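**Student:** Here it is, the structure, as structure tokens.
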Amino acid sequence: MRAVRPAAVAGTFYPGRRKDLVSTLDALLAPARATVDPTVAGAKAYVLPHAGYVYSGSTAALGYAELERRRDTITRVVLLGPTHRVPVDGLALPGVDGLETPLGIVRVEPVDPAVRAALPQLVDAPEVHAQEHSLEVHLPFLQTVLGDVAVVPLAVGRAQPGQVAAVLDALWGGAETVVVVSSDLSHYLRQDEARAVDELTVAEVLRLEGPLHHSQACGATPVNGLLVSARRRGMTTRLLGMCTSGDVTGDRRRVVGYAAIAFTEPAAG
């Protein structure tokens, strides 16, 4: 393996020591596993939050507990998240072979050159990924529930929903591939306001409507791309859970909202 992106937010967004991280993930996943309905088909795509584990980890775990059932099937994760620090036009790949966390290195699957040539919105931009947390916080969950899985990490900057959807469609794959879109919901509203806004946003997503505005979701751009693909494919949606940071901290003056939403393809045949 040639180049590896070191972990940037270990020790802040999630525990920096392997032992502590394993313990934290176990504590988050244990109650989430109890909510998984074994009669429900596995989802093709998820929208999951990316805040610090203390705030949104329990909500993200609802999706990852479902994914764990397909540990022996899923070998690739197409992971999309918004850029918070370095702007970019298009969807940025990290230009590395691996992504490091305290649990080890996650393999980055290269995008086929023919796909790259057909999608000019795909760019290499290591500087965009260097300090970005929206993708990194998902990696320890993926390592825990899926094991040795490869990722296609896309930091989504300025892009139209159709451009994001085109990339998703090119990388969609089959049963071996799952899509995870990283997004929180409203930011810094009072608890009652946040709940009202987030409920409307989630209802919109569940109906596959859009586009969302960035005031509704910081990951609106990648979510909007997923909505375009989901509508074309006739997907169905499920809300796994939602909360705010105020539910965790008790400070309800300025909260951030989180939700876990699953997208399922229609049955074959």
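The chains in the structure tokens are called A, B, ... from first to last as shown; in each chain the residues are counted from 1, and the ligands are counted from 1 in the order shown.
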Which residues are near Arg76 of chain A? Cut-off 12 Å, only C-alpha atoms, ignore same chain within fewer than 6 positions. Put them as a PyMOL selection string.

**Tutor:** chain A and resi 44+67+70+106-111+142-143+146-153+171-180

**Student:** Quick one: residues within 9 Å of Ser134 of chain A, only C-alpha atoms counted, chain neighbours fewer than 6 positions away excluded, as a list in words?

**Tutor:**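 The contact residues come out as Pro49, His50, Ala51, Leu80, Gly81, Pro82, Thr83, His84, Ala155, Ser182, Ser183 and Gly219 of chain A.
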
**Student:** Export C-alpha atoms of the chosen residues as a PDB file, in the first residue's frame?

**Tutor:**
ATOM      1  CA  PRO A  49     -25.109  11.159  10.673  1.00  0.00           C
ATOM      2  CA  HIS A  50     -21.484  12.174  11.154  1.00  0.00           C
ATOM      3  CA  ALA A  51     -21.185  14.124  14.401  1.00  0.00           C
ATOM      4  CA  LEU A  80     -20.275  10.103   0.316  1.00  0.00           C
ATOM      5  CA  GLY A  81     -20.148  13.089   2.648  1.00  0.00           C
ATOM      6  CA  PRO A  82     -20.117  16.877   2.459  1.00  0.00           C
ATOM      7  CA  THR A  83     -17.005  19.016   2.653  1.00  0.00           C
ATOM      8  CA  HIS A  84     -16.741  21.181   5.781  1.00  0.00           C
ATOM      9  CA  ALA A 155     -16.069  14.217  -0.445  1.00  0.00           C
ATOM     10  CA  SER A 182     -23.167  11.035   5.522  1.00  0.00           C
ATOM     11  CA  SER A 183     -25.334  13.921   6.682  1.00  0.00           C
ATOM     12  CA  GLY A 219     -25.044  16.808   3.482  1.00  0.00           C
TER      13      GLY A 219
END

**Student:** Find the nearest atom pair between each residue of segment 52-86 of chain A and segment 228-247 of chain A for residues within 10 Å, count only C-alpha atoms, give distances in Å to one decimal, sort rows by chain and ascending number, and present the table as a tab-separated table.

**Tutor:**
residue	atom	partner	partner_atom	distance
A:Gly52	CA	A:Ser245	CA	9.8
A:Val54	CA	A:Ser245	CA	8.7
A:Tyr55	CA	A:Ser245	CA	5.3
A:Ser56	CA	A:Ser245	CA	7.2
A:Ser58	CA	A:Cys243	CA	9.3
A:Thr59	CA	A:Gly241	CA	6.3
A:Ala60	CA	A:Gly241	CA	8.9
A:Ala61	CA	A:Leu240	CA	9.9
A:Leu62	CA	A:Leu240	CA	6.4
A:Gly63	CA	A:Leu240	CA	7.2
A:Glu66	CA	A:Leu240	CA	9.9

**Student:** Write a file of the selected residues as a compact mmCIF listing (two decimals), in the first residue's frame, keeping C-alpha atoms.

**Tutor:**
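part_37.txt, written as the output of this step:
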# COMPACT_ATOMS: atom_id res chain seq x y z
CA GLY A 52 -19.12 13.04 17.38
CA VAL A 54 -21.36 10.97 21.89
CA TYR A 55 -23.98 12.96 19.97
CA SER A 56 -24.98 10.92 16.91
CA SER A 58 -26.39 5.83 18.65
CA THR A 59 -28.36 6.97 15.59
CA ALA A 60 -25.65 5.95 13.12
CA ALA A 61 -25.44 2.57 14.86
CA LEU A 62 -29.04 1.81 13.83
CA GLY A 63 -27.93 1.58 10.21
CA GLU A 66 -28.53 -3.69 9.93

**Student:** Can you pull out every residue from segment 4-241 of chain A that DSSP, working from the backbone, puts in alpha helix (DSSP H), and format the result as a CSV table (one decimal) with N, CA and C atoms, in the first residue's frame?

**Tutor:**
chain,number,residue,atom,x,y,z
A,18,ARG,N,-7.4,2.5,20.4
A,18,ARG,CA,-8.1,1.3,19.9
A,18,ARG,C,-9.0,0.7,20.9
A,19,LYS,N,-8.5,0.4,22.1
A,19,LYS,CA,-9.3,-0.2,23.2
A,19,LYS,C,-10.5,0.6,23.5
A,20,ASP,N,-10.4,1.9,23.6
A,20,ASP,CA,-11.5,2.7,24.0
A,20,ASP,C,-12.5,2.8,22.8
A,21,LEU,N,-12.0,2.8,21.6
A,21,LEU,CA,-12.9,2.9,20.4
A,21,LEU,C,-13.7,1.6,20.3
A,22,VAL,N,-13.1,0.4,20.5
A,22,VAL,CA,-13.8,-0.8,20.5
A,22,VAL,C,-14.9,-0.9,21.5
A,23,SER,N,-14.6,-0.4,22.7
A,23,SER,CA,-15.5,-0.4,23.8
A,23,SER,C,-16.7,0.5,23.5
A,24,THR,N,-16.4,1.7,22.9
A,24,THR,CA,-17.5,2.7,22.5
A,24,THR,C,-18.4,2.1,21.4
A,25,LEU,N,-17.8,1.5,20.4
A,25,LEU,CA,-18.6,0.9,19.3
A,25,LEU,C,-19.4,-0.2,19.8
A,26,ASP,N,-18.9,-1.0,20.7
A,26,ASP,CA,-19.7,-2.1,21.3
A,26,ASP,C,-20.9,-1.5,22.0
A,27,ALA,N,-20.7,-0.5,22.8
A,27,ALA,CA,-21.8,0.1,23.6
A,27,ALA,C,-22.8,0.8,22.7
A,28,LEU,N,-22.4,1.3,21.5
A,28,LEU,CA,-23.4,1.9,20.6
A,28,LEU,C,-24.1,0.9,19.8
A,29,LEU,N,-23.4,-0.2,19.4
A,29,LEU,CA,-24.1,-1.2,18.6
A,29,LEU,C,-25.0,-2.2,19.3
A,30,ALA,N,-24.7,-2.4,20.6
A,30,ALA,CA,-25.4,-3.4,21.3
A,30,ALA,C,-26.9,-3.1,21.3
A,31,PRO,N,-27.4,-1.9,21.8
A,31,PRO,CA,-28.8,-1.6,21.7
A,31,PRO,C,-29.4,-1.5,20.3
A,32,ALA,N,-28.5,-1.1,19.4
A,32,ALA,CA,-29.0,-1.0,18.0
A,32,ALA,C,-29.3,-2.4,17.4
A,33,ARG,N,-28.5,-3.3,17.7
A,33,ARG,CA,-28.7,-4.7,17.2
A,33,ARG,C,-30.1,-5.2,17.7
A,53,TYR,N,-19.3,10.8,18.2
A,53,TYR,CA,-20.1,9.6,18.6
A,53,TYR,C,-21.0,9.8,19.8
A,54,VAL,N,-20.6,10.7,20.7
A,54,VAL,CA,-21.4,11.0,21.9
A,54,VAL,C,-22.7,11.6,21.5
A,55,TYR,N,-22.8,12.3,20.4
A,55,TYR,CA,-24.0,13.0,20.0
A,55,TYR,C,-24.8,12.1,19.0
A,56,SER,N,-24.2,11.6,18.0
A,56,SER,CA,-25.0,10.9,16.9
A,56,SER,C,-24.6,9.5,16.7
A,57,GLY,N,-23.7,8.9,17.5
A,57,GLY,CA,-23.3,7.6,17.3
A,57,GLY,C,-24.4,6.6,17.5
A,58,SER,N,-25.3,6.8,18.4
A,58,SER,CA,-26.4,5.8,18.7
A,58,SER,C,-27.3,5.8,17.5
A,59,THR,N,-27.5,6.9,16.8
A,59,THR,CA,-28.4,7.0,15.6
A,59,THR,C,-27.7,6.3,14.4
A,60,ALA,N,-26.4,6.6,14.2
A,60,ALA,CA,-25.6,6.0,13.1
A,60,ALA,C,-25.6,4.4,13.3
A,61,ALA,N,-25.5,4.0,14.6
A,61,ALA,CA,-25.4,2.6,14.9
A,61,ALA,C,-26.7,1.8,14.4
A,62,LEU,N,-27.8,2.5,14.3
A,62,LEU,CA,-29.0,1.8,13.8
A,62,LEU,C,-28.9,1.3,12.4
A,63,GLY,N,-28.2,2.0,11.6
A,63,GLY,CA,-27.9,1.6,10.2
A,63,GLY,C,-26.9,0.5,10.2
A,64,TYR,N,-25.8,0.7,11.0
A,64,TYR,CA,-24.7,-0.2,10.9
A,64,TYR,C,-25.1,-1.6,11.5
A,65,ALA,N,-26.0,-1.6,12.5
A,65,ALA,CA,-26.5,-2.9,13.0
A,65,ALA,C,-27.2,-3.7,11.9
A,66,GLU,N,-27.9,-3.0,11.1
A,66,GLU,CA,-28.5,-3.7,9.9
A,66,GLU,C,-27.5,-4.2,9.0
A,67,LEU,N,-26.5,-3.4,8.7
A,67,LEU,CA,-25.5,-3.8,7.7
A,67,LEU,C,-24.7,-5.0,8.2
A,113,PRO,N,-10.7,3.5,-14.7
A,113,PRO,CA,-10.4,4.7,-15.5
A,113,PRO,C,-11.4,5.0,-16.5
A,114,ALA,N,-12.2,4.0,-17.0
A,114,ALA,CA,-13.2,4.3,-18.0
A,114,ALA,C,-14.3,5.1,-17.3
A,115,VAL,N,-14.6,4.8,-16.1
A,115,VAL,CA,-15.7,5.6,-15.3
A,115,VAL,C,-15.2,7.0,-15.0
A,116,ARG,N,-13.9,7.1,-14.7
A,116,ARG,CA,-13.3,8.4,-14.4
A,116,ARG,C,-13.4,9.3,-15.7
A,117,ALA,N,-13.1,8.7,-16.8
A,117,ALA,CA,-13.1,9.4,-18.1
A,117,ALA,C,-14.5,9.9,-18.4
A,118,ALA,N,-15.5,9.1,-18.0
A,118,ALA,CA,-16.9,9.5,-18.4
A,118,ALA,C,-17.5,10.5,-17.4
A,126,PRO,N,-6.6,15.3,-2.4
A,126,PRO,CA,-6.2,14.9,-1.1
A,126,PRO,C,-6.4,15.9,0.0
A,127,GLU,N,-6.2,17.2,-0.4
A,127,GLU,CA,-6.3,18.3,0.6
A,127,GLU,C,-7.8,18.4,1.1
A,128,VAL,N,-8.7,18.0,0.3
A,128,VAL,CA,-10.1,18.1,0.7
A,128,VAL,C,-10.4,17.1,1.8
A,129,HIS,N,-9.8,15.9,1.7
A,129,HIS,CA,-10.0,14.8,2.6
A,129,HIS,C,-9.1,15.0,3.9
A,133,HIS,N,-14.1,15.3,8.4
A,133,HIS,CA,-14.6,14.3,9.4
A,133,HIS,C,-15.8,13.6,8.9
A,134,SER,N,-16.5,14.1,7.8
A,134,SER,CA,-17.8,13.5,7.5
A,134,SER,C,-17.7,12.1,7.0
A,135,LEU,N,-16.6,11.7,6.4
A,135,LEU,CA,-16.4,10.4,6.0
A,135,LEU,C,-15.6,9.5,7.1
A,136,GLU,N,-14.7,10.2,7.7
A,136,GLU,CA,-13.8,9.4,8.6
A,136,GLU,C,-14.6,8.8,9.8
A,139,LEU,N,-15.8,5.2,9.3
A,139,LEU,CA,-14.9,4.1,9.0
A,139,LEU,C,-14.8,3.1,10.1
A,140,PRO,N,-14.7,3.5,11.4
A,140,PRO,CA,-14.6,2.5,12.5
A,140,PRO,C,-15.9,1.7,12.6
A,141,PHE,N,-17.1,2.3,12.3
A,141,PHE,CA,-18.3,1.5,12.2
A,141,PHE,C,-18.2,0.4,11.2
A,142,LEU,N,-17.7,0.8,10.0
A,142,LEU,CA,-17.6,-0.1,8.9
A,142,LEU,C,-16.6,-1.2,9.2
A,143,GLN,N,-15.5,-0.9,9.8
A,143,GLN,CA,-14.5,-1.9,10.1
A,143,GLN,C,-15.1,-2.9,11.1
A,144,THR,N,-15.9,-2.4,12.0
A,144,THR,CA,-16.5,-3.3,13.0
A,144,THR,C,-17.6,-4.2,12.5
A,145,VAL,N,-18.5,-3.7,11.7
A,145,VAL,CA,-19.6,-4.5,11.3
A,145,VAL,C,-19.4,-5.3,10.0
A,146,LEU,N,-18.4,-4.8,9.1
A,146,LEU,CA,-18.2,-5.4,7.9
A,146,LEU,C,-16.8,-6.1,7.7
A,161,PRO,N,-27.4,17.8,-8.2
A,161,PRO,CA,-27.9,16.4,-7.9
A,161,PRO,C,-27.7,15.4,-9.0
A,162,GLY,N,-27.9,15.8,-10.2
A,162,GLY,CA,-27.7,14.9,-11.4
A,162,GLY,C,-26.3,14.4,-11.5
A,163,GLN,N,-25.3,15.3,-11.2
A,163,GLN,CA,-23.9,14.9,-11.2
A,163,GLN,C,-23.6,13.9,-10.1
A,164,VAL,N,-24.1,14.1,-9.0
A,164,VAL,CA,-23.9,13.1,-7.9
A,164,VAL,C,-24.6,11.8,-8.2
A,165,ALA,N,-25.8,11.9,-8.8
A,165,ALA,CA,-26.5,10.7,-9.1
A,165,ALA,C,-25.8,9.9,-10.2
A,166,ALA,N,-25.2,10.6,-11.2
A,166,ALA,CA,-24.4,9.9,-12.2
A,166,ALA,C,-23.3,9.1,-11.6
A,167,VAL,N,-22.6,9.6,-10.6
A,167,VAL,CA,-21.5,8.9,-10.0
A,167,VAL,C,-22.1,7.7,-9.2
A,168,LEU,N,-23.2,7.9,-8.5
A,168,LEU,CA,-23.8,6.8,-7.8
A,168,LEU,C,-24.2,5.7,-8.8
A,169,ASP,N,-24.8,6.1,-9.9
A,169,ASP,CA,-25.2,5.0,-10.8
A,169,ASP,C,-24.1,4.3,-11.4
A,170,ALA,N,-22.9,4.9,-11.6
A,170,ALA,CA,-21.8,4.2,-12.2
A,170,ALA,C,-21.1,3.3,-11.2
A,171,LEU,N,-21.3,3.6,-9.9
A,171,LEU,CA,-20.7,2.8,-8.8
A,171,LEU,C,-21.7,1.9,-8.1
A,191,GLN,N,-34.4,23.3,20.5
A,191,GLN,CA,-34.8,21.9,20.4
A,191,GLN,C,-36.2,21.8,19.7
A,192,ASP,N,-37.2,22.6,20.1
A,192,ASP,CA,-38.5,22.5,19.5
A,192,ASP,C,-38.5,22.9,18.0
A,193,GLU,N,-37.7,23.9,17.7
A,193,GLU,CA,-37.6,24.3,16.3
A,193,GLU,C,-36.9,23.2,15.5
A,194,ALA,N,-35.8,22.7,16.0
A,194,ALA,CA,-35.1,21.6,15.3
A,194,ALA,C,-36.0,20.4,15.0
A,195,ARG,N,-36.7,20.0,16.0
A,195,ARG,CA,-37.6,18.8,15.9
A,195,ARG,C,-38.6,19.1,14.7
A,196,ALA,N,-39.2,20.3,14.7
A,196,ALA,CA,-40.2,20.6,13.7
A,196,ALA,C,-39.5,20.6,12.3
A,197,VAL,N,-38.4,21.2,12.2
A,197,VAL,CA,-37.7,21.3,10.9
A,197,VAL,C,-37.2,19.9,10.4
A,198,ASP,N,-36.7,19.1,11.4
A,198,ASP,CA,-36.1,17.8,11.0
A,198,ASP,C,-37.3,16.8,10.6
A,199,GLU,N,-38.4,16.9,11.3
A,199,GLU,CA,-39.5,16.1,11.0
A,199,GLU,C,-40.0,16.3,9.5
A,200,LEU,N,-40.0,17.6,9.1
A,200,LEU,CA,-40.4,17.9,7.8
A,200,LEU,C,-39.3,17.4,6.8
A,201,THR,N,-38.1,17.6,7.1
A,201,THR,CA,-37.0,17.1,6.2
A,201,THR,C,-37.0,15.6,6.1
A,202,VAL,N,-37.2,14.9,7.2
A,202,VAL,CA,-37.2,13.4,7.1
A,202,VAL,C,-38.4,13.0,6.3
A,203,ALA,N,-39.6,13.6,6.5
A,203,ALA,CA,-40.7,13.3,5.7
A,203,ALA,C,-40.5,13.5,4.2
A,204,GLU,N,-39.8,14.5,3.9
A,204,GLU,CA,-39.5,14.8,2.5
A,204,GLU,C,-38.6,13.7,1.9
A,205,VAL,N,-37.6,13.3,2.7
A,205,VAL,CA,-36.7,12.3,2.2
A,205,VAL,C,-37.4,10.9,2.1
A,206,LEU,N,-38.2,10.6,3.0
A,206,LEU,CA,-39.0,9.4,3.0
A,206,LEU,C,-39.9,9.3,1.8
A,220,ALA,N,-26.8,18.0,2.2
A,220,ALA,CA,-27.8,18.1,1.2
A,220,ALA,C,-27.4,17.7,-0.2
A,221,THR,N,-26.2,18.1,-0.6
A,221,THR,CA,-25.8,17.8,-1.9
A,221,THR,C,-25.7,16.3,-2.2
A,222,PRO,N,-25.0,15.5,-1.4
A,222,PRO,CA,-25.0,14.0,-1.6
A,222,PRO,C,-26.3,13.4,-1.4
A,223,VAL,N,-27.1,13.9,-0.4
A,223,VAL,CA,-28.4,13.3,-0.2
A,223,VAL,C,-29.3,13.5,-1.4
A,224,ASN,N,-29.2,14.8,-2.0
A,224,ASN,CA,-30.0,15.1,-3.2
A,224,ASN,C,-29.7,14.1,-4.4
A,225,GLY,N,-28.4,13.8,-4.5
A,225,GLY,CA,-28.0,12.9,-5.6
A,225,GLY,C,-28.6,11.5,-5.3
A,226,LEU,N,-28.6,11.1,-4.1
A,226,LEU,CA,-29.2,9.8,-3.8
A,226,LEU,C,-30.7,9.8,-4.0
A,227,LEU,N,-31.3,10.9,-3.7
A,227,LEU,CA,-32.8,11.0,-4.0
A,227,LEU,C,-33.1,10.8,-5.5
A,228,VAL,N,-32.2,11.4,-6.3
A,228,VAL,CA,-32.4,11.3,-7.8
A,228,VAL,C,-32.3,9.8,-8.2
A,229,SER,N,-31.3,9.2,-7.7
A,229,SER,CA,-31.1,7.8,-8.1
A,229,SER,C,-32.2,6.9,-7.5
A,230,ALA,N,-32.6,7.2,-6.3
A,230,ALA,CA,-33.7,6.4,-5.6
A,230,ALA,C,-35.0,6.5,-6.4
A,231,ARG,N,-35.3,7.7,-6.8
A,231,ARG,CA,-36.6,7.9,-7.5
A,231,ARG,C,-36.6,7.1,-8.8
A,232,ARG,N,-35.5,7.2,-9.6
A,232,ARG,CA,-35.3,6.4,-10.8
A,232,ARG,C,-35.5,4.9,-10.6
A,233,ARG,N,-35.0,4.4,-9.5
A,233,ARG,CA,-35.0,3.0,-9.2
A,233,ARG,C,-36.3,2.5,-8.5

**Student:** When distances are computed from only C-alpha atoms, which of A:Ala92, A:Val47, A:Ile261, A:Leu103 shows the smallest separation from Leu119 of chain A?

**Tutor:**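 With only C-alpha atoms as the atom set, the closest residue is A:Ala92.
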
**Student:** Measure the distance from atom CA of Ala159 of chain A to atom CA of Glu132 of chain A in Å and round it to one decimal.

**Tutor:**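 Atom-to-atom, atom CA of Ala159 of chain A and atom CA of Glu132 of chain A are spaced 17.6 Å apart.
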
**Student:** Using DSSP assignments from the backbone, pull out every residue in segment 129-269 of chain A that falls under strand (DSSP E or B) and give it to me as a PyMOL selection string.

**Tutor:** chain A and resi 150-156+158+177-182+187-189+236-244+255-264

**Student:** Would you put the residues from that selection into a file with N, CA and C atoms, as a CSV table (one decimal), in the first residue's frame?

**Tutor:**
chain,number,residue,atom,x,y,z
A,150,ALA,N,-13.7,-2.7,1.4
A,150,ALA,CA,-13.1,-1.6,0.6
A,150,ALA,C,-14.1,-0.5,0.5
A,151,VAL,N,-13.6,0.8,0.5
A,151,VAL,CA,-14.5,1.9,0.3
A,151,VAL,C,-14.1,2.8,-0.9
A,152,VAL,N,-15.1,3.4,-1.4
A,152,VAL,CA,-14.9,4.5,-2.4
A,152,VAL,C,-15.3,5.8,-1.7
A,153,PRO,N,-14.3,6.5,-1.2
A,153,PRO,CA,-14.7,7.7,-0.4
A,153,PRO,C,-14.8,9.0,-1.2
A,154,LEU,N,-15.9,9.6,-1.2
A,154,LEU,CA,-16.2,10.8,-2.0
A,154,LEU,C,-16.6,12.0,-1.2
A,155,ALA,N,-15.8,13.0,-1.1
A,155,ALA,CA,-16.1,14.2,-0.4
A,155,ALA,C,-16.8,15.1,-1.5
A,156,VAL,N,-18.0,15.4,-1.2
A,156,VAL,CA,-18.9,16.1,-2.2
A,156,VAL,C,-18.9,17.6,-2.0
A,158,ARG,N,-19.2,21.3,-4.5
A,158,ARG,CA,-20.2,22.0,-5.4
A,158,ARG,C,-20.5,21.0,-6.5
A,177,THR,N,-22.2,-4.3,-2.9
A,177,THR,CA,-22.0,-2.8,-2.7
A,177,THR,C,-23.1,-2.2,-1.9
A,178,VAL,N,-22.8,-1.4,-0.9
A,178,VAL,CA,-23.8,-0.6,-0.2
A,178,VAL,C,-23.3,0.9,-0.3
A,179,VAL,N,-24.3,1.8,-0.3
A,179,VAL,CA,-24.1,3.2,-0.4
A,179,VAL,C,-24.4,3.8,1.0
A,180,VAL,N,-23.5,4.6,1.5
A,180,VAL,CA,-23.7,5.3,2.8
A,180,VAL,C,-23.5,6.8,2.5
A,181,VAL,N,-24.5,7.6,2.7
A,181,VAL,CA,-24.5,9.1,2.6
A,181,VAL,C,-24.4,9.7,4.0
A,182,SER,N,-23.4,10.5,4.2
A,182,SER,CA,-23.2,11.0,5.5
A,182,SER,C,-23.8,12.4,5.6
A,187,HIS,N,-29.0,22.6,12.1
A,187,HIS,CA,-27.9,23.0,13.0
A,187,HIS,C,-28.3,24.3,13.8
A,188,TYR,N,-28.1,24.2,15.1
A,188,TYR,CA,-28.1,25.3,16.0
A,188,TYR,C,-29.4,26.0,16.2
A,189,LEU,N,-30.5,25.2,16.0
A,189,LEU,CA,-31.8,25.8,16.4
A,189,LEU,C,-32.2,25.3,17.8
A,236,THR,N,-37.8,2.1,-1.9
A,236,THR,CA,-38.6,2.5,-0.8
A,236,THR,C,-37.7,2.9,0.4
A,237,THR,N,-38.3,3.6,1.4
A,237,THR,CA,-37.5,4.1,2.5
A,237,THR,C,-38.1,3.7,3.8
A,238,ARG,N,-37.2,3.7,4.8
A,238,ARG,CA,-37.6,3.5,6.2
A,238,ARG,C,-36.8,4.4,7.1
A,239,LEU,N,-37.5,5.0,8.1
A,239,LEU,CA,-36.8,5.8,9.1
A,239,LEU,C,-36.4,4.8,10.2
A,240,LEU,N,-35.1,4.7,10.5
A,240,LEU,CA,-34.6,3.9,11.6
A,240,LEU,C,-34.6,4.6,12.9
A,241,GLY,N,-34.5,5.9,12.9
A,241,GLY,CA,-34.5,6.6,14.1
A,241,GLY,C,-34.0,8.0,13.9
A,242,MET,N,-34.3,8.9,14.8
A,242,MET,CA,-33.8,10.3,14.8
A,242,MET,C,-33.7,10.9,16.2
A,243,CYS,N,-32.9,11.9,16.3
A,243,CYS,CA,-32.7,12.5,17.6
A,243,CYS,C,-32.0,13.9,17.4
A,244,THR,N,-31.7,14.6,18.5
A,244,THR,CA,-30.9,15.8,18.4
A,244,THR,C,-29.8,15.7,19.5
A,255,VAL,N,-29.2,23.1,19.1
A,255,VAL,CA,-29.0,21.6,18.9
A,255,VAL,C,-28.7,21.3,17.4
A,256,VAL,N,-28.2,20.1,17.2
A,256,VAL,CA,-28.0,19.6,15.8
A,256,VAL,C,-28.9,18.3,15.7
A,257,GLY,N,-29.5,18.2,14.6
A,257,GLY,CA,-30.4,17.0,14.4
A,257,GLY,C,-29.7,15.9,13.6
A,258,TYR,N,-30.2,14.7,13.9
A,258,TYR,CA,-29.6,13.5,13.3
A,258,TYR,C,-30.7,12.5,12.9
A,259,ALA,N,-30.5,11.8,11.8
A,259,ALA,CA,-31.5,10.7,11.5
A,259,ALA,C,-30.8,9.6,10.8
A,260,ALA,N,-31.3,8.4,10.8
A,260,ALA,CA,-30.9,7.2,10.1
A,260,ALA,C,-32.0,6.8,9.2
A,261,ILE,N,-31.8,6.7,7.9
A,261,ILE,CA,-32.8,6.4,6.9
A,261,ILE,C,-32.2,5.4,6.0
A,262,ALA,N,-33.0,4.3,5.7
A,262,ALA,CA,-32.7,3.2,4.8
A,262,ALA,C,-33.4,3.3,3.5
A,263,PHE,N,-32.7,3.0,2.4
A,263,PHE,CA,-33.3,3.0,1.1
A,263,PHE,C,-33.2,1.6,0.5
A,264,THR,N,-34.3,1.0,0.1
A,264,THR,CA,-34.3,-0.4,-0.3
A,264,THR,C,-34.8,-0.5,-1.8

**Student:** Calculate how many Å separate atom CA of Ala3 of chain A from atom CA of Asp89 of chain A, rounding to one decimal.

**Tutor:**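 Distance between the two atoms: 23.3 Å.
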
**Student:** Can you work out which one of A:Leu48, A:Ala43, A:Leu91, A:Cys218 has the shortest atom-to-atom distance to Glu68 of chain A, counting only C-alpha atoms?

**Tutor:**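 Of A:Leu48, A:Ala43, A:Leu91, A:Cys218, the one nearest Glu68 of chain A, counting only C-alpha atoms, is A:Ala43.
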